[in-house]
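Each remark here refers to the structure printed beneath this line.
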Amino acid sequence: MTSSRRLPGLPKLRLVGRDAPAFRRAVDAHATAWRAVGGGELATDWRSLPHLQASLLHGGDLAADLVLVPADWLPALATSEVVRPLADVDLTPWTESFAEGVTYEGEVWGLPFHDGPQLLFTRRDASPPPATWDELADLAAAWHSDRRAGTILAGAPDGHSNVYDYAAQVWRFGGDVLQPDSAAARAALDFLRRLVTTVVAPQAHAMDSNASGAEMAADRVTVCVNWAGYASATNAAGVPLTTAIAPGTTVNAFWALAITLASDHPGAAEAYVHHATSVAMDLCTTRAGASGARLSTWRDPGIVATHPEYALFESAHRASRQLPRVPQLPAVVDALNELVDAVVWRGEHREPAIQQAQAAIDNLTVPQQSAPKHREFA
């Protein structure tokens, strides 16, 4: 049984999302099951992450009933009246960090679709796995070679993994991502720059998160912190891998399926959201190569047997932290994206870039954020 909210004879729906092979496979599988229960057709439009952001937040071309987006964007999409809230949603099937991530101003704006907490990946011959970021840097330096990079960072200036890597380091040094003009931010930038110039392959500047995962699967990385979803492909490729909880605090980043305010078929779209995030379809998401988001998937014996990294997901999320839950977040990320690209990847002078980023964030009048809910691991 795929969903308890089936509606027969539903109209054709259109979904717009980020282009990623695992997303395509998962949505194709969901759409097939949707048709089988009389749900109608689903058309898909897959876009690069910058193109998707422009379409949703900067007045670009968007004609869709459903959007598959980073949950970080939901406050901005809600405030801009791009998406509509869901009614009568029970969020208990998902971890607390996900429930927090899809809720804004007391409303639920989407449901978790794809997870993949950041985990620590270490080649078994380079064990023991590092317990801190400094140990990771030392291990990467010891094993770095022309054949296999010490570590990998996704350097594509798309505001995704490059900014998440920065946020994790800022928090490690006791800082706030809204305050790039700080000692913690300087320490974070210096640490990342050191990695990039010593133990990361130069071509990583052009890699998005998907490409960084492909580097792992191609056995061109010794140790790294990366998205959990890439463990499956790496294991399937026969790379001897040890998976563990990442050092310190990671970013609670996941993807949500939401309904557009412009949809002509909101009832059908909401039925599809519940279908695609149901128990059965969440398992299907995992089998398609993405990462299911429900607690039931993470605890499923069959999934854990074939994807042992899922046994770490609940602990990983307890060690995670939300980015600021504010409508200005996409613009904040744009400023941080430029800061990280300029200092970490292009090697430009740090201070002018910091002052430019801080001025941009200050001009957004972002409200102060409360302390994170989730505890941090040592």
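How things are named: the first chain in the structure tokens is A, the next is B, and so on; residues count from 1 in each chain; ligands count from 1 in the order shown.
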
Please identify all polymer residues within 12 Å of region 41-43 of chain A, counting only C-alpha atoms, omitting same-chain residues fewer than 4 positions from it, and present them as a ChimeraX atom specification. /A:8-17,24,27-37,63-67,268-269,272-273,276

Spatial neighbours of Thr132 (chain A), max dist 12 Å, only C-alpha atoms, sep filter under 6 positions, as a short mmCIF file (atom, residue, chain, number, x, y, z; two decimals) with N, CA and C atoms, in the first residue's frame:
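Once written, around30.cif looks like this:
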data_model
loop_
_atom_site.label_atom_id
_atom_site.label_comp_id
_atom_site.auth_asym_id
_atom_site.auth_seq_id
_atom_site.Cartn_x
_atom_site.Cartn_y
_atom_site.Cartn_z
N LEU A 120 31.36 10.53 8.18
CA LEU A 120 32.80 10.41 7.96
C LEU A 120 33.07 9.14 7.17
N ASP A 138 45.33 15.71 9.26
CA ASP A 138 46.62 15.01 9.37
C ASP A 138 46.60 13.69 8.60
N LEU A 139 45.50 12.94 8.71
CA LEU A 139 45.39 11.68 7.99
C LEU A 139 45.38 11.92 6.49
N GLN A 169 32.63 24.37 9.89
CA GLN A 169 33.88 24.86 10.47
C GLN A 169 33.65 26.08 11.36
N ARG A 172 32.45 24.82 14.54
CA ARG A 172 33.53 24.16 15.26
C ARG A 172 34.36 25.17 16.05
N CYS A 224 37.09 11.66 4.15
CA CYS A 224 36.32 12.89 3.94
C CYS A 224 35.05 12.87 4.78
N VAL A 225 34.46 14.03 4.90
CA VAL A 225 33.10 14.15 5.40
C VAL A 225 32.22 14.47 4.21
N ALA A 244 31.44 6.39 9.71
CA ALA A 244 31.29 6.75 11.12
C ALA A 244 30.62 8.11 11.22
N ILE A 245 30.28 8.52 12.46
CA ILE A 245 29.75 9.85 12.70
C ILE A 245 30.82 10.87 12.40
N ALA A 246 30.46 11.94 11.72
CA ALA A 246 31.42 12.98 11.38
C ALA A 246 31.88 13.74 12.62
N PRO A 247 33.08 14.29 12.59
CA PRO A 247 33.53 15.09 13.73
C PRO A 247 32.68 16.34 13.92
N GLY A 248 32.46 16.70 15.17
CA GLY A 248 31.82 17.97 15.48
C GLY A 248 30.38 18.07 15.03
N THR A 249 29.96 19.28 14.70
CA THR A 249 28.59 19.58 14.30
C THR A 249 28.49 19.67 12.79
N PHE A 377 28.12 16.48 19.24
CA PHE A 377 29.04 15.43 19.65
C PHE A 377 30.43 16.02 19.81
N ALA A 378 31.19 15.44 20.67
CA ALA A 378 32.57 15.92 20.86
C ALA A 378 33.40 15.64 19.63
#

Just checking: using only C-alpha atoms, which residue out of A:Ser315, A:Val223, A:Ala214, A:Trp94 ends up closest to Ala131 (chain A)?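 Smallest separation from Ala131 (chain A) among the options: A:Val223.
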
CA of Ser48 (chain A) to CA of Val251 (chain A): how many Å, to one decimal?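 CA of Ser48 (chain A) sits 21.2 Å away from CA of Val251 (chain A).
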
Shell of 7 Å around His317 (chain A), only C-alpha atoms, local chain residues under 3 positions omitted, as a VMD selection string: chain A and resid 97 117 252 313 to 314 320

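One finds CA of Leu86 (chain A) at 18.5 Å from CA of Leu56 (chain A).
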
Out of region 120-168 of chain A, which residues get strand (DSSP E) from DSSP, as a compact mmCIF listing (two decimals) with C-alpha atoms, in the first residue's frame?
# COMPACT_ATOMS: atom_id res chain seq x y z
CA LEU A 120 32.80 10.41 7.96
CA PHE A 121 34.19 8.13 5.24
CA THR A 122 37.63 6.56 5.63
CA ARG A 123 39.34 3.97 3.47

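The residue set within 12 Å of region 235-237 of chain A, counting only C-alpha atoms and dropping same-chain residues fewer than 3 places from it, reads Phe121, Thr122, Arg123, Arg124, Gly213, Ala214, Glu215, Met216, Ala217, Ala218, Asp219, Arg220, Ala228, Gly229, Tyr230, Ala231, Ser232, Pro240, Leu241, Thr242, Thr243, Gly289, Thr306, His307, Pro308 and Glu309 of chain A.
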
Would you mind exporting the chosen residues as a PDB file, in the first residue's frame, restricted to C-alpha atoms?
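And here's result-v3.pdb as it stands now:
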ATOM      1  CA  PHE A 121      34.185   8.128   5.238  1.00  0.00           C
ATOM      2  CA  THR A 122      37.626   6.560   5.631  1.00  0.00           C
ATOM      3  CA  ARG A 123      39.345   3.967   3.469  1.00  0.00           C
ATOM      4  CA  ARG A 124      39.879   0.909   5.638  1.00  0.00           C
ATOM      5  CA  GLY A 213      30.492  11.576  -4.342  1.00  0.00           C
ATOM      6  CA  ALA A 214      31.590  10.184  -7.694  1.00  0.00           C
ATOM      7  CA  GLU A 215      35.216  10.833  -6.699  1.00  0.00           C
ATOM      8  CA  MET A 216      34.711   8.628  -3.651  1.00  0.00           C
ATOM      9  CA  ALA A 217      33.133   5.870  -5.715  1.00  0.00           C
ATOM     10  CA  ALA A 218      36.051   6.069  -8.138  1.00  0.00           C
ATOM     11  CA  ASP A 219      38.450   5.466  -5.218  1.00  0.00           C
ATOM     12  CA  ARG A 220      40.157   8.833  -5.613  1.00  0.00           C
ATOM     13  CA  ALA A 228      25.606   9.652   3.483  1.00  0.00           C
ATOM     14  CA  GLY A 229      23.923   8.841   0.195  1.00  0.00           C
ATOM     15  CA  TYR A 230      27.287   8.443  -1.490  1.00  0.00           C
ATOM     16  CA  ALA A 231      28.200   5.517   0.740  1.00  0.00           C
ATOM     17  CA  SER A 232      26.020   3.157  -1.286  1.00  0.00           C
ATOM     18  CA  PRO A 240      36.864  -0.609   1.113  1.00  0.00           C
ATOM     19  CA  LEU A 241      35.145   1.993   3.259  1.00  0.00           C
ATOM     20  CA  THR A 242      34.597   2.609   6.963  1.00  0.00           C
ATOM     21  CA  THR A 243      31.650   4.858   7.838  1.00  0.00           C
ATOM     22  CA  GLY A 289      19.918   5.382  -4.823  1.00  0.00           C
ATOM     23  CA  THR A 306      22.322  -3.589   2.677  1.00  0.00           C
ATOM     24  CA  HIS A 307      23.042   0.028   3.721  1.00  0.00           C
ATOM     25  CA  PRO A 308      24.741  -0.205   7.133  1.00  0.00           C
ATOM     26  CA  GLU A 309      25.350   3.547   7.205  1.00  0.00           C
TER      27      GLU A 309
END

Looking at only C-alpha atoms, which of A:Ala262, A:Ala149, A:Cys284, A:Ala206 is the one that sits closest to Asn162 (chain A)?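 Between A:Ala262, A:Ala149, A:Cys284, A:Ala206, the residue approaching Asn162 (chain A) most closely is A:Ala206.
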
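For Glu338 (chain A), the set of protein, DNA and RNA residues having any atom at most 10 Å away, when counting only C-alpha atoms and skipping those fewer than 3 positions along the same chain, is A:Pro157, A:Asp158, A:Gly159, A:Asn162, A:Val163, A:Val333, A:Asp334, A:Ala335, A:Asp341, A:Ala342, A:Val343, A:Val344, A:Ala353, A:Ile354, A:Gln356, A:Ala357.
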
Report, in Å with one decimal, the straight-line distance from CA of Asp134 (chain A) to CA of Thr250 (chain A). 15.4 Å

Surrounding residues of Thr103 (chain A) excluding itself and chain neighbours under 5 positions, 12 Å, only C-alpha atoms, as a list in words: Ala71, Asp72, Trp73, Leu74, Pro75, Ala76, Ala78, Arg84, Pro85, Leu86, Ala87, Val89, Asp90, Leu91, Glu96, Ser97, Phe98, Val108, Trp109, Gly110, Leu111, Pro112, Ala256, Ala258, Arg325 and Val326 of chain A

Pick out the closest residue to Gly292 (chain A) from this set: A:Leu77, A:Phe113, A:Val196, A:Gly59. Count only C-alpha atoms.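 Once distances to Gly292 (chain A) are computed over only C-alpha atoms, the minimum belongs to A:Phe113.
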
Check the DSSP output for the backbone and give back, as an MDAnalysis selection string, the residues of region 120-326 of chain A in alpha helix (DSSP H). chainID A and resid 133:143 161:172 183:198 209:217 230:236 266:276 279:287 295:298 301:306 313:318

Residue among A:Ala167, A:Leu153, A:Thr44, A:Arg148 lying closest to Leu323 (chain A), counting only C-alpha atoms: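 The answer is A:Ala167, which sits nearest to Leu323 (chain A).
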
Do a neighbour search on Trp227 (chain A) at 10 Å with only C-alpha atoms, toss out local chain neighbours closer than 5 positions, and write the hits as a list in words. Asp115, Gly116, Pro117, Gln118, Leu119, Leu120, Phe121, Ser161, Ser209, Asn210, Ser212, Gly213, Ala253 and Ser291 of chain A
